[in-house]
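Below is one structure, written out as structure tokens; the observations come after it.
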Amino acid sequence: EISLGLVGSEMCIRDSNRTLNFKLNLAAANADIGQLDQAEEFFGQVQRLSSGENGYAVGELIATAGLGMVRILRRKFEEAIPILQQADELCQIMGDPANFKRGEVADAMAIAFYSKGDRDQAMHHEQLAVELWEAAGADESYLLAAKARLAILQEDWDESLRLSEKMRSVSTEFFGEESGRLSGPLTSRGIALARLGRLDEATDSFEQARQISTNHVVNVLADLPVSHPVSYTHLR
């Protein structure tokens, strides 16, 4: 009887987690198509249902990070920071398995800090994102994106251009010339070219990024800190 009871309890937990994962997918899908109110509602539901001593730690982490990133999409950077700090604390509790997600959170925090004028904190968090993604064995495109942005923050325009060009090449090879993932490298490239005085090339690169961003959705849970042009709004 004890054994059957435990099995039943585990099945309830699995079913509950499936429901929460479904809500996370709905949240991400709504964010992708710009339905931010719905995205925020679903992320909020998962965060509330997942928290607590016997909660669903992964769900709470993803939902909290999602809420912070939705604030960035809304350009409410001041509000995003404490939410992302909470997500960072959850990552640290989970330890090394959460390094990749913690890198995403750090990358998003770099966007938020820079957008409110704190360059030092932006550089700190972008460097942290690089270190965490390296430790997690992240895809090369993530590392190149973060390193290119770090070079921009350091005003190393030649290095930023070099990394952006390499990132564009890698993204094109793996995802194709029309992939939404190209918006990030094209925007970084435009910033570097503009600061190097190559304005016609910069304008062309920004226009390509704009067209790609118009034609493609961006996954708020995974791709936003890497590829969404909101990352660069205050750098242009």
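Just remember, in the structure tokens the first chain shown is A, the second B, etc., residues are 1-based per chain, and ligands are 1-based in the order shown.
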
| said: Would you pick out the contacts of segment 146-148 of chain A at 9 Å or less, using only C-alpha atoms, so that residues sharing its chain but fewer than 3 positions from it are not included, and give the list as a PyMOL selection string? | reply: chain A and resi 107+126-127+129-130+141-143+151-153+159-164+167+185+188-189+225-226

| task | Compile the contact shell of Ala63 of chain A as an MDAnalysis selection string: residues with an atom at most 12 Å away, counting only C-alpha atoms, same-chain residues fewer than 5 positions apart removed. | result | chainID A and resid 20:28 39:51 56:58 68:70 83:84 86:87 90 101 105 220:221

For the residues in the current selection, export C-alpha atoms as a PDB file, in the first residue's frame.
ATOM      1  CA  LEU A  20       3.468  23.699 -15.861  1.00  0.00           C
ATOM      2  CA  ASN A  21       5.709  22.909 -18.828  1.00  0.00           C
ATOM      3  CA  PHE A  22       2.708  23.341 -21.126  1.00  0.00           C
ATOM      4  CA  LYS A  23       2.068  26.766 -19.586  1.00  0.00           C
ATOM      5  CA  LEU A  24       5.737  27.673 -20.086  1.00  0.00           C
ATOM      6  CA  ASN A  25       5.437  26.747 -23.759  1.00  0.00           C
ATOM      7  CA  LEU A  26       2.298  28.891 -24.029  1.00  0.00           C
ATOM      8  CA  ALA A  27       4.121  31.783 -22.369  1.00  0.00           C
ATOM      9  CA  ALA A  28       7.048  31.527 -24.787  1.00  0.00           C
ATOM     10  CA  ALA A  39       3.034  35.698 -21.840  1.00  0.00           C
ATOM     11  CA  GLU A  40       3.336  37.508 -18.538  1.00  0.00           C
ATOM     12  CA  GLU A  41       0.160  35.846 -17.243  1.00  0.00           C
ATOM     13  CA  PHE A  42       1.376  32.319 -18.046  1.00  0.00           C
ATOM     14  CA  PHE A  43       4.877  32.944 -16.689  1.00  0.00           C
ATOM     15  CA  GLY A  44       3.306  34.371 -13.534  1.00  0.00           C
ATOM     16  CA  GLN A  45       1.057  31.336 -13.105  1.00  0.00           C
ATOM     17  CA  VAL A  46       4.002  28.957 -13.388  1.00  0.00           C
ATOM     18  CA  GLN A  47       6.100  31.027 -11.009  1.00  0.00           C
ATOM     19  CA  ARG A  48       3.371  31.000  -8.354  1.00  0.00           C
ATOM     20  CA  LEU A  49       2.588  27.288  -8.737  1.00  0.00           C
ATOM     21  CA  SER A  50       6.256  26.250  -8.814  1.00  0.00           C
ATOM     22  CA  SER A  51       7.564  28.152  -5.803  1.00  0.00           C
ATOM     23  CA  TYR A  56       9.053  22.672  -9.254  1.00  0.00           C
ATOM     24  CA  ALA A  57      12.467  24.374  -9.157  1.00  0.00           C
ATOM     25  CA  VAL A  58      13.130  24.282 -12.905  1.00  0.00           C
ATOM     26  CA  GLY A  68      12.342  39.426 -16.461  1.00  0.00           C
ATOM     27  CA  MET A  69      12.844  39.060 -20.191  1.00  0.00           C
ATOM     28  CA  VAL A  70       9.267  40.124 -20.914  1.00  0.00           C
ATOM     29  CA  ILE A  83      13.303  39.897 -11.308  1.00  0.00           C
ATOM     30  CA  LEU A  84      16.431  38.761 -13.140  1.00  0.00           C
ATOM     31  CA  GLN A  86      15.856  36.602  -8.353  1.00  0.00           C
ATOM     32  CA  ALA A  87      16.330  34.245 -11.324  1.00  0.00           C
ATOM     33  CA  LEU A  90      17.575  30.419  -8.235  1.00  0.00           C
ATOM     34  CA  LYS A 101      20.380  29.473 -17.970  1.00  0.00           C
ATOM     35  CA  VAL A 105      20.046  35.701 -17.181  1.00  0.00           C
ATOM     36  CA  VAL A 220      12.141  34.854 -25.278  1.00  0.00           C
ATOM     37  CA  LEU A 221      13.483  31.960 -23.174  1.00  0.00           C
TER      38      LEU A 221
END

| task | Could you check which of A:Ile62, A:Gly117, A:Asp37, A:Glu79 is closest to Arg102 of chain A, using only C-alpha atoms? | result |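 Ranked by minimum distance to Arg102 of chain A, first place goes to A:Ile62.
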
| query | Which residue, A:Gly66, A:Gln154, A:His124, A:Gly59, has the smallest gap to Arg18 of chain A when you use only C-alpha atoms? | reply |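 Among the listed residues, A:Gly59 lies closest to Arg18 of chain A.
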
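Reported to one decimal place, the separation of atom CA of Arg168 of chain A from atom CA of Arg198 of chain A is 18.1 Å.
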
| query | Pick from A:Tyr114, A:Phe100, A:Trp157, A:Phe206: nearest to Asp139 of chain A, with only C-alpha atoms counted? | reply | A:Phe100

| task | Measuring atom to atom with only C-alpha atoms, identify which of A:Gly52, A:Asn17, A:Ile72, A:Glu104 is nearest to Leu36 of chain A. | result | A:Ile72

| request: Tell me which protein, DNA and RNA residues are within 7 Å of Leu132 of chain A, counting only C-alpha atoms, leaving out same-chain ones fewer than 3 positions away, and put them as a list in words. | output: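 Everything that qualifies: Asn99, Phe100, Gly103, Leu128, Ala129, Ala135 and Ala136 of chain A.
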
| message | My list of candidates is A:Ala80, A:Gly190, A:Glu178, A:Glu89. Which is closest to Gln211 of chain A when distances are computed with only C-alpha atoms? | response | A:Glu178
